[in-house]
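The next block is query02.tsv, given as TSV, C-alpha atoms.
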```
chain	number	residue	atom	x	y	z
A	1	MET	CA	5.92	18.69	-18.08
A	2	ASN	CA	2.53	19.77	-16.72
A	3	ASN	CA	2.05	22.09	-13.77
A	4	THR	CA	1.24	19.67	-10.94
A	5	LYS	CA	-0.16	22.56	-8.84
A	6	SER	CA	-3.12	22.70	-11.23
A	7	ILE	CA	-6.17	20.72	-10.09
A	8	TYR	CA	-6.23	19.02	-13.52
A	9	TYR	CA	-2.61	17.79	-13.37
A	10	PRO	CA	-1.83	15.85	-10.18
A	11	PRO	CA	1.47	13.89	-10.39
A	12	GLY	CA	0.88	11.13	-12.98
A	13	GLY	CA	-2.21	12.78	-14.45
A	14	ILE	CA	-5.85	13.09	-13.45
A	15	LEU	CA	-6.96	9.72	-14.88
A	16	ILE	CA	-4.66	7.62	-12.71
A	17	TRP	CA	-5.79	9.57	-9.65
A	18	ILE	CA	-9.46	8.93	-10.46
A	19	ILE	CA	-8.57	5.21	-10.64
A	20	ILE	CA	-6.61	5.44	-7.37
A	21	TYR	CA	-9.51	7.07	-5.50
A	22	LEU	CA	-12.04	4.60	-6.92
A	23	GLU	CA	-9.82	1.69	-5.84
A	24	LEU	CA	-9.27	3.17	-2.39
A	25	ILE	CA	-13.02	3.73	-1.92
A	26	THR	CA	-13.79	0.15	-3.06
A	27	PHE	CA	-11.19	-1.43	-0.77
A	28	GLY	CA	-12.08	1.04	1.98
A	29	MET	CA	-15.74	0.00	1.97
A	30	ALA	CA	-14.79	-3.69	2.07
A	31	ILE	CA	-12.38	-3.04	4.97
A	32	LEU	CA	-15.08	-1.17	6.89
A	33	ALA	CA	-17.50	-4.05	6.25
A	34	PHE	CA	-14.82	-6.41	7.61
A	35	ALA	CA	-14.40	-4.21	10.71
A	36	TYR	CA	-18.18	-4.06	11.20
A	37	TYR	CA	-18.51	-7.87	11.11
A	38	GLY	CA	-15.44	-8.06	13.36
A	39	SER	CA	-17.14	-5.83	15.93
A	40	GLU	CA	-20.19	-8.15	15.83
A	41	GLU	CA	-18.15	-11.38	16.15
A	42	ARG	CA	-15.12	-10.29	18.16
A	43	GLU	CA	-14.11	-13.70	19.50
A	44	LEU	CA	-14.32	-15.41	16.12
A	45	PHE	CA	-12.28	-12.64	14.46
A	46	HIS	CA	-9.72	-12.66	17.28
A	47	ASN	CA	-9.22	-16.43	17.08
A	48	SER	CA	-9.05	-16.33	13.27
A	49	SER	CA	-6.57	-13.45	13.29
A	50	LEU	CA	-4.30	-15.54	15.54
A	51	LYS	CA	-4.13	-18.08	12.69
A	52	LEU	CA	-2.35	-15.47	10.53
A	53	LYS	CA	1.39	-14.98	10.96
A	54	LYS	CA	2.15	-11.38	11.94
A	55	THR	CA	5.78	-11.88	10.94
A	56	ILE	CA	4.84	-12.70	7.33
A	57	GLY	CA	2.45	-9.72	7.25
A	58	THR	CA	5.18	-7.41	8.58
A	59	ILE	CA	7.79	-8.73	6.11
A	60	ASN	CA	5.30	-8.28	3.26
A	61	THR	CA	4.66	-4.69	4.37
A	62	ILE	CA	8.41	-4.01	4.44
A	63	LEU	CA	8.79	-5.60	0.98
A	64	LEU	CA	6.08	-3.41	-0.55
A	65	LEU	CA	7.39	-0.25	1.14
A	66	THR	CA	10.93	-1.03	-0.03
A	67	SER	CA	9.67	-1.64	-3.55
A	68	GLY	CA	7.73	1.66	-3.41
A	69	PHE	CA	10.87	3.41	-2.20
A	70	PHE	CA	12.82	2.06	-5.20
A	71	VAL	CA	10.12	3.29	-7.59
A	72	ALA	CA	10.13	6.74	-5.97
A	73	LYS	CA	13.93	6.87	-6.30
A	74	GLY	CA	13.64	5.69	-9.91
A	75	ILE	CA	11.28	8.56	-10.70
A	76	HIS	CA	13.66	10.96	-8.96
A	77	PHE	CA	16.55	9.83	-11.18
A	78	PHE	CA	14.37	9.82	-14.30
A	79	LYS	CA	13.67	13.51	-13.68
A	80	ALA	CA	17.44	14.02	-13.46
A	81	SER	CA	17.77	12.18	-16.84
A	82	ASN	CA	19.83	9.44	-15.20
A	83	ILE	CA	18.37	6.48	-17.13
A	84	LYS	CA	20.91	3.95	-15.81
A	85	LYS	CA	19.96	4.57	-12.17
A	86	THR	CA	16.26	4.76	-13.07
A	87	LEU	CA	16.39	1.30	-14.62
A	88	SER	CA	18.42	-0.07	-11.72
A	89	TYR	CA	15.88	1.19	-9.14
A	90	PHE	CA	12.93	-0.03	-11.22
A	91	ASN	CA	14.52	-3.49	-11.49
A	92	TRP	CA	14.94	-3.67	-7.71
A	93	ALA	CA	11.34	-2.50	-7.28
A	94	MET	CA	10.17	-5.39	-9.45
A	95	VAL	CA	12.28	-7.84	-7.42
A	96	GLY	CA	10.57	-6.53	-4.26
A	97	GLY	CA	7.13	-6.96	-5.82
A	98	PHE	CA	7.97	-10.45	-7.03
A	99	VAL	CA	9.24	-11.56	-3.61
A	100	PHE	CA	6.02	-10.15	-2.09
A	101	LEU	CA	3.99	-12.37	-4.44
A	102	VAL	CA	6.11	-15.42	-3.61
A	103	LEU	CA	5.77	-14.88	0.14
A	104	LYS	CA	2.03	-14.27	-0.19
A	105	SER	CA	1.70	-17.46	-2.25
A	106	ILE	CA	3.50	-19.43	0.48
A	107	GLU	CA	1.10	-17.94	3.03
A	108	TYR	CA	-1.88	-18.88	0.83
A	109	TYR	CA	-0.54	-22.43	0.46
A	110	GLU	CA	-0.17	-22.79	4.25
A	111	LYS	CA	-3.71	-21.52	4.81
A	112	LEU	CA	-5.17	-23.90	2.23
A	113	GLU	CA	-3.20	-26.82	3.71
A	114	ALA	CA	-4.63	-25.96	7.14
A	115	GLY	CA	-8.16	-25.95	5.70
A	116	LEU	CA	-8.58	-22.20	6.17
A	117	HIS	CA	-10.36	-21.69	2.85
A	118	MET	CA	-12.95	-19.10	1.95
A	119	ASP	CA	-15.89	-21.00	3.48
A	120	TYR	CA	-14.10	-21.61	6.79
A	121	ASN	CA	-15.69	-18.54	8.44
A	122	SER	CA	-16.53	-14.87	7.75
A	123	PHE	CA	-13.03	-13.70	8.75
A	124	PHE	CA	-11.36	-15.90	6.14
A	125	ARG	CA	-13.98	-15.04	3.51
A	126	PHE	CA	-12.88	-11.40	3.85
A	127	TYR	CA	-9.21	-12.42	4.14
A	128	TRP	CA	-9.27	-14.26	0.80
A	129	LEU	CA	-11.30	-11.61	-1.02
A	130	LEU	CA	-9.34	-8.60	0.26
A	131	THR	CA	-5.84	-10.06	-0.06
A	132	GLY	CA	-6.78	-11.87	-3.30
A	133	PHE	CA	-7.88	-8.67	-5.02
A	134	HIS	CA	-4.78	-6.92	-3.70
A	135	PHE	CA	-2.63	-9.80	-5.01
A	136	ILE	CA	-4.13	-9.27	-8.50
A	137	HIS	CA	-3.39	-5.52	-8.26
A	138	VAL	CA	0.25	-6.26	-7.44
A	139	ILE	CA	0.48	-8.57	-10.49
A	140	VAL	CA	-1.02	-5.83	-12.70
A	141	GLY	CA	1.36	-3.25	-11.17
A	142	LEU	CA	4.29	-5.57	-11.83
A	143	VAL	CA	3.27	-6.05	-15.48
A	144	ILE	CA	2.97	-2.25	-15.89
A	145	LEU	CA	6.45	-1.79	-14.34
A	146	ILE	CA	7.93	-4.42	-16.68
A	147	ILE	CA	6.39	-2.72	-19.74
A	148	ILE	CA	7.50	0.76	-18.66
A	149	THR	CA	11.03	-0.48	-17.86
A	150	PHE	CA	11.33	-2.05	-21.33
A	151	SER	CA	10.03	1.17	-22.80
A	152	ILE	CA	12.66	3.26	-20.98
A	153	ARG	CA	15.40	0.76	-21.89
A	154	LYS	CA	14.50	0.94	-25.58
A	155	LYS	CA	14.33	4.74	-25.33
A	156	GLN	CA	10.88	4.74	-26.88
A	157	THR	CA	9.60	8.29	-27.14
A	158	GLU	CA	5.96	7.30	-26.66
A	159	ALA	CA	6.63	6.59	-22.98
A	160	SER	CA	6.27	10.13	-21.68
A	161	PHE	CA	7.21	11.28	-18.20
A	162	GLU	CA	3.51	11.31	-17.30
A	163	ASP	CA	3.17	7.63	-18.38
A	164	ILE	CA	6.08	6.66	-16.16
A	165	GLU	CA	4.77	8.73	-13.25
A	166	ALA	CA	1.28	7.19	-13.69
A	167	SER	CA	2.80	3.68	-13.62
A	168	ALA	CA	4.66	4.57	-10.44
A	169	SER	CA	1.44	5.94	-8.92
A	170	PHE	CA	-0.35	2.65	-9.65
A	171	TRP	CA	2.47	0.77	-7.89
A	172	HIS	CA	2.26	3.09	-4.88
A	173	MET	CA	-1.50	2.54	-4.81
A	174	CYS	CA	-0.77	-1.14	-4.06
A	175	ASP	CA	1.28	0.12	-1.07
A	176	LEU	CA	-1.59	2.35	0.10
A	177	ILE	CA	-4.13	-0.48	-0.07
A	178	TRP	CA	-1.78	-2.86	1.77
A	179	LEU	CA	-1.16	-0.22	4.46
A	180	LEU	CA	-4.91	-0.35	5.17
A	181	LEU	CA	-5.19	-4.16	4.91
A	182	PHE	CA	-2.19	-5.10	7.04
A	183	PRO	CA	-3.28	-3.57	10.38
A	184	VAL	CA	-6.93	-4.57	9.99
A	185	LEU	CA	-6.26	-8.21	9.10
A	186	TYR	CA	-3.12	-8.93	11.12
A	187	LEU	CA	-2.97	-6.53	14.06
A	188	LEU	CA	-6.30	-5.15	15.26
A	189	PHE	CA	-8.15	-8.29	16.34
B	1	MET	CA	18.50	19.19	-1.49
B	2	LYS	CA	17.46	16.95	1.38
B	3	ASP	CA	16.71	13.34	0.46
B	4	THR	CA	13.13	13.26	1.76
B	5	ILE	CA	12.40	9.98	-0.07
B	6	THR	CA	15.05	8.09	1.91
B	7	SER	CA	14.16	9.69	5.25
B	8	SER	CA	10.46	8.92	4.62
B	9	PHE	CA	11.37	5.32	3.81
B	10	ILE	CA	13.33	4.91	7.06
B	11	LEU	CA	10.40	6.43	8.97
B	12	LEU	CA	7.99	4.06	7.20
B	13	LEU	CA	10.05	1.01	8.18
B	14	THR	CA	10.30	2.23	11.78
B	15	LEU	CA	6.54	2.81	11.99
B	16	THR	CA	5.84	-0.65	10.51
B	17	LEU	CA	8.00	-2.37	13.11
B	18	LEU	CA	6.52	-0.14	15.82
B	19	ALA	CA	2.97	-1.12	14.79
B	20	ALA	CA	3.86	-4.84	14.84
B	21	PHE	CA	5.44	-4.39	18.28
B	22	ALA	CA	2.51	-2.31	19.58
B	23	ALA	CA	-0.03	-4.93	18.45
B	24	SER	CA	1.51	-7.46	20.86
B	25	ASN	CA	2.61	-5.20	23.71
B	26	VAL	CA	0.26	-2.22	24.04
B	27	SER	CA	-2.71	-2.47	26.42
B	28	PRO	CA	-5.97	-3.53	24.68
B	29	GLU	CA	-7.65	-0.18	25.52
B	30	ILE	CA	-5.34	1.82	23.28
B	31	ILE	CA	-4.22	-0.79	20.74
B	32	VAL	CA	-6.77	0.19	18.06
B	33	THR	CA	-6.04	3.93	18.33
B	34	THR	CA	-2.25	3.33	18.32
B	35	VAL	CA	-2.19	0.95	15.34
B	36	VAL	CA	-4.68	3.05	13.31
B	37	ALA	CA	-2.75	6.26	14.04
B	38	LEU	CA	0.51	4.62	12.89
B	39	ALA	CA	-1.22	3.31	9.74
B	40	PHE	CA	-2.56	6.80	8.99
B	41	ILE	CA	0.93	8.34	9.26
B	42	LYS	CA	2.33	5.67	6.90
B	43	PHE	CA	-0.55	6.24	4.47
B	44	TRP	CA	0.17	9.98	4.51
B	45	LEU	CA	3.93	9.45	4.01
B	46	VAL	CA	3.46	7.20	0.97
B	47	ALA	CA	0.89	9.53	-0.61
B	48	PHE	CA	2.76	12.78	0.03
B	49	GLN	CA	6.40	11.73	-0.32
B	50	PHE	CA	6.45	8.69	-2.65
B	51	MET	CA	3.49	9.72	-4.82
B	52	GLU	CA	4.53	13.38	-4.60
B	53	LEU	CA	1.08	14.63	-3.63
B	54	LYS	CA	2.92	17.31	-1.62
B	55	LYS	CA	3.43	19.04	-4.99
B	56	ALA	CA	-0.20	18.68	-6.07
B	57	HIS	CA	-3.18	21.03	-5.89
B	58	PRO	CA	-4.67	21.23	-2.33
B	59	PHE	CA	-7.83	19.48	-3.60
B	60	TRP	CA	-5.91	16.19	-4.07
B	61	LYS	CA	-4.13	16.61	-0.74
B	62	TYR	CA	-7.33	17.19	1.23
B	63	LEU	CA	-9.05	14.33	-0.58
B	64	ILE	CA	-6.41	11.77	0.41
B	65	ILE	CA	-6.11	13.08	3.98
B	66	GLY	CA	-9.91	13.14	4.23
B	67	PHE	CA	-10.15	9.54	3.02
B	68	GLY	CA	-7.39	8.28	5.34
B	69	GLY	CA	-8.76	10.25	8.29
B	70	LEU	CA	-12.32	9.06	7.75
B	71	MET	CA	-11.21	5.44	7.42
B	72	GLY	CA	-9.17	5.71	10.63
B	73	LEU	CA	-12.00	7.40	12.52
B	74	ILE	CA	-14.61	4.80	11.50
B	75	LEU	CA	-12.23	1.95	12.38
B	76	VAL	CA	-11.58	3.42	15.85
B	77	ILE	CA	-15.34	3.88	16.41
B	78	LEU	CA	-16.19	0.35	15.19
B	79	LEU	CA	-13.40	-1.48	17.01
```
Can the structure in the file be given as structure tokens, please?
Amino acid sequence: MNNTKSIYYPPGGILIWIIIYLELITFGMAILAFAYYGSEERELFHNSSLKLKKTIGTINTILLLTSGFFVAKGIHFFKASNIKKTLSYFNWAMVGGFVFLVLKSIEYYEKLEAGLHMDYNSFFRFYWLLTGFHFIHVIVGLVILIIITFSIRKKQTEASFEDIEASASFWHMCDLIWLLLFPVLYLLF
Amino acid sequence: MKDTITSSFILLLTLTLLAAFAASNVSPEIIVTTVVALAFIKFWLVAFQFMELKKAHPFWKYLIIGFGGLMGLILVILL
């Protein structure tokens, strides 16, 4: 195991952290652009924000945080060489991620049924782009978790601790992005 | 050893519910600052406790705090 106190070895490895920062900067700039347009068209953004259900946004936040918690616990037990508990926590994490996607899909369906598509106004253009890209990240994170869980189950030696930690970091990155998106889209206007 | 992952998780859930409550009940003058501050704490908890940045080199810690802080500051100024 590498020394994580070294600048070259953050938990999960330097490459995943370069990806994480690039993703955060990309989403961050889009969120700031959203806030800027929101400050220019306050009434429109306020009325549009009211069309989103805070309850669904809050439940989705709880789902992602719970899923992130399970991944963190899974990593904790992997370090303790408790593979059974690691797999159990990773499975629950995937369930959390899957339920998030289902709930988000229901929300998307409702918005489309109500005619709140991307061309409806600038608020919903940002809404679809920001949450859509995040949705894709959650799918990718879920696929990575499935692959890494299979790898642990089959006791494949090529899945090193750093690979597993990097996969977990990618999943947590989805949490981080959502923690920025949720208040800006659902709460602040 | 204290279970910091579980205590962080409970704190994260509490802060999420608090933010949702604050968005509907706090006076408009302080709503942005309150919600952004709560989001920043949650961001920090996930990065430091779940992603274990607390064990990383200070460079990575300052970078994530700097990013979160800058985002929060710009949001408060803009909104």
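Comparing the minimum interatomic distances between Leu63 in chain A and each of B:Trp60, B:Phe9, B:Ala19, B:Asp3, counting all atoms listed in the file, we find that B:Phe9 sits nearest.
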Residues of chain A no more than 9 Å from chain B, counting all atoms listed in the file: send them over as a PDB file with C-alpha atoms, in the coordinates of the input.
```pdb
ATOM      1  CA  ASN A   3       2.050  22.090 -13.770  1.00  0.00           C
ATOM      2  CA  THR A   4       1.240  19.670 -10.940  1.00  0.00           C
ATOM      3  CA  LYS A   5      -0.160  22.560  -8.840  1.00  0.00           C
ATOM      4  CA  SER A   6      -3.120  22.700 -11.230  1.00  0.00           C
ATOM      5  CA  ILE A   7      -6.170  20.720 -10.090  1.00  0.00           C
ATOM      6  CA  TYR A   8      -6.230  19.020 -13.520  1.00  0.00           C
ATOM      7  CA  TYR A   9      -2.610  17.790 -13.370  1.00  0.00           C
ATOM      8  CA  PRO A  10      -1.830  15.850 -10.180  1.00  0.00           C
ATOM      9  CA  PRO A  11       1.470  13.890 -10.390  1.00  0.00           C
ATOM     10  CA  GLY A  12       0.880  11.130 -12.980  1.00  0.00           C
ATOM     11  CA  TRP A  17      -5.790   9.570  -9.650  1.00  0.00           C
ATOM     12  CA  TYR A  21      -9.510   7.070  -5.500  1.00  0.00           C
ATOM     13  CA  LEU A  24      -9.270   3.170  -2.390  1.00  0.00           C
ATOM     14  CA  ILE A  25     -13.020   3.730  -1.920  1.00  0.00           C
ATOM     15  CA  GLY A  28     -12.080   1.040   1.980  1.00  0.00           C
ATOM     16  CA  MET A  29     -15.740   0.000   1.970  1.00  0.00           C
ATOM     17  CA  ILE A  31     -12.380  -3.040   4.970  1.00  0.00           C
ATOM     18  CA  LEU A  32     -15.080  -1.170   6.890  1.00  0.00           C
ATOM     19  CA  ALA A  35     -14.400  -4.210  10.710  1.00  0.00           C
ATOM     20  CA  TYR A  36     -18.180  -4.060  11.200  1.00  0.00           C
ATOM     21  CA  GLY A  38     -15.440  -8.060  13.360  1.00  0.00           C
ATOM     22  CA  SER A  39     -17.140  -5.830  15.930  1.00  0.00           C
ATOM     23  CA  LYS A  54       2.150 -11.380  11.940  1.00  0.00           C
ATOM     24  CA  THR A  55       5.780 -11.880  10.940  1.00  0.00           C
ATOM     25  CA  THR A  58       5.180  -7.410   8.580  1.00  0.00           C
ATOM     26  CA  THR A  61       4.660  -4.690   4.370  1.00  0.00           C
ATOM     27  CA  ILE A  62       8.410  -4.010   4.440  1.00  0.00           C
ATOM     28  CA  LEU A  65       7.390  -0.250   1.140  1.00  0.00           C
ATOM     29  CA  THR A  66      10.930  -1.030  -0.030  1.00  0.00           C
ATOM     30  CA  GLY A  68       7.730   1.660  -3.410  1.00  0.00           C
ATOM     31  CA  PHE A  69      10.870   3.410  -2.200  1.00  0.00           C
ATOM     32  CA  VAL A  71      10.120   3.290  -7.590  1.00  0.00           C
ATOM     33  CA  ALA A  72      10.130   6.740  -5.970  1.00  0.00           C
ATOM     34  CA  LYS A  73      13.930   6.870  -6.300  1.00  0.00           C
ATOM     35  CA  GLU A 165       4.770   8.730 -13.250  1.00  0.00           C
ATOM     36  CA  ALA A 168       4.660   4.570 -10.440  1.00  0.00           C
ATOM     37  CA  SER A 169       1.440   5.940  -8.920  1.00  0.00           C
ATOM     38  CA  HIS A 172       2.260   3.090  -4.880  1.00  0.00           C
ATOM     39  CA  MET A 173      -1.500   2.540  -4.810  1.00  0.00           C
ATOM     40  CA  ASP A 175       1.280   0.120  -1.070  1.00  0.00           C
ATOM     41  CA  LEU A 176      -1.590   2.350   0.100  1.00  0.00           C
ATOM     42  CA  ILE A 177      -4.130  -0.480  -0.070  1.00  0.00           C
ATOM     43  CA  LEU A 179      -1.160  -0.220   4.460  1.00  0.00           C
ATOM     44  CA  LEU A 180      -4.910  -0.350   5.170  1.00  0.00           C
ATOM     45  CA  PHE A 182      -2.190  -5.100   7.040  1.00  0.00           C
ATOM     46  CA  PRO A 183      -3.280  -3.570  10.380  1.00  0.00           C
ATOM     47  CA  VAL A 184      -6.930  -4.570   9.990  1.00  0.00           C
ATOM     48  CA  TYR A 186      -3.120  -8.930  11.120  1.00  0.00           C
ATOM     49  CA  LEU A 187      -2.970  -6.530  14.060  1.00  0.00           C
ATOM     50  CA  LEU A 188      -6.300  -5.150  15.260  1.00  0.00           C
ATOM     51  CA  PHE A 189      -8.150  -8.290  16.340  1.00  0.00           C
TER      52      PHE A 189
END
```
Enclosing box along x, y and z for every listed atom of range 169-178 of chain A, padded 4 Å each side, centre and size in Å, one decimal, as AutoDock Vina command-line options:
```
--center_x -0.8 --center_y 1.5 --center_z -3.9 --size_x 14.6 --size_y 16.8 --size_z 19.4
```
Query raised in the report: Hey, which of A:Tyr109, A:His134, A:Arg125, A:Leu87 ends up closest to Phe150 in chain A? Count only C-alpha atoms.
Result: A:Leu87
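Distances here use all atoms listed in the file; by that measure, the residue among A:His117, A:Lys155, A:Lys85, A:His76 closest to Ser48 in chain A is A:His117.
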Requested in this report: Quick one: residues within 12 Å of (-6.8, -15.9, 17.0) (file frame), counting all atoms listed in the file, please, as a PyMOL selection string.
Outcome: chain A and resi 42-54+123-124+185-189
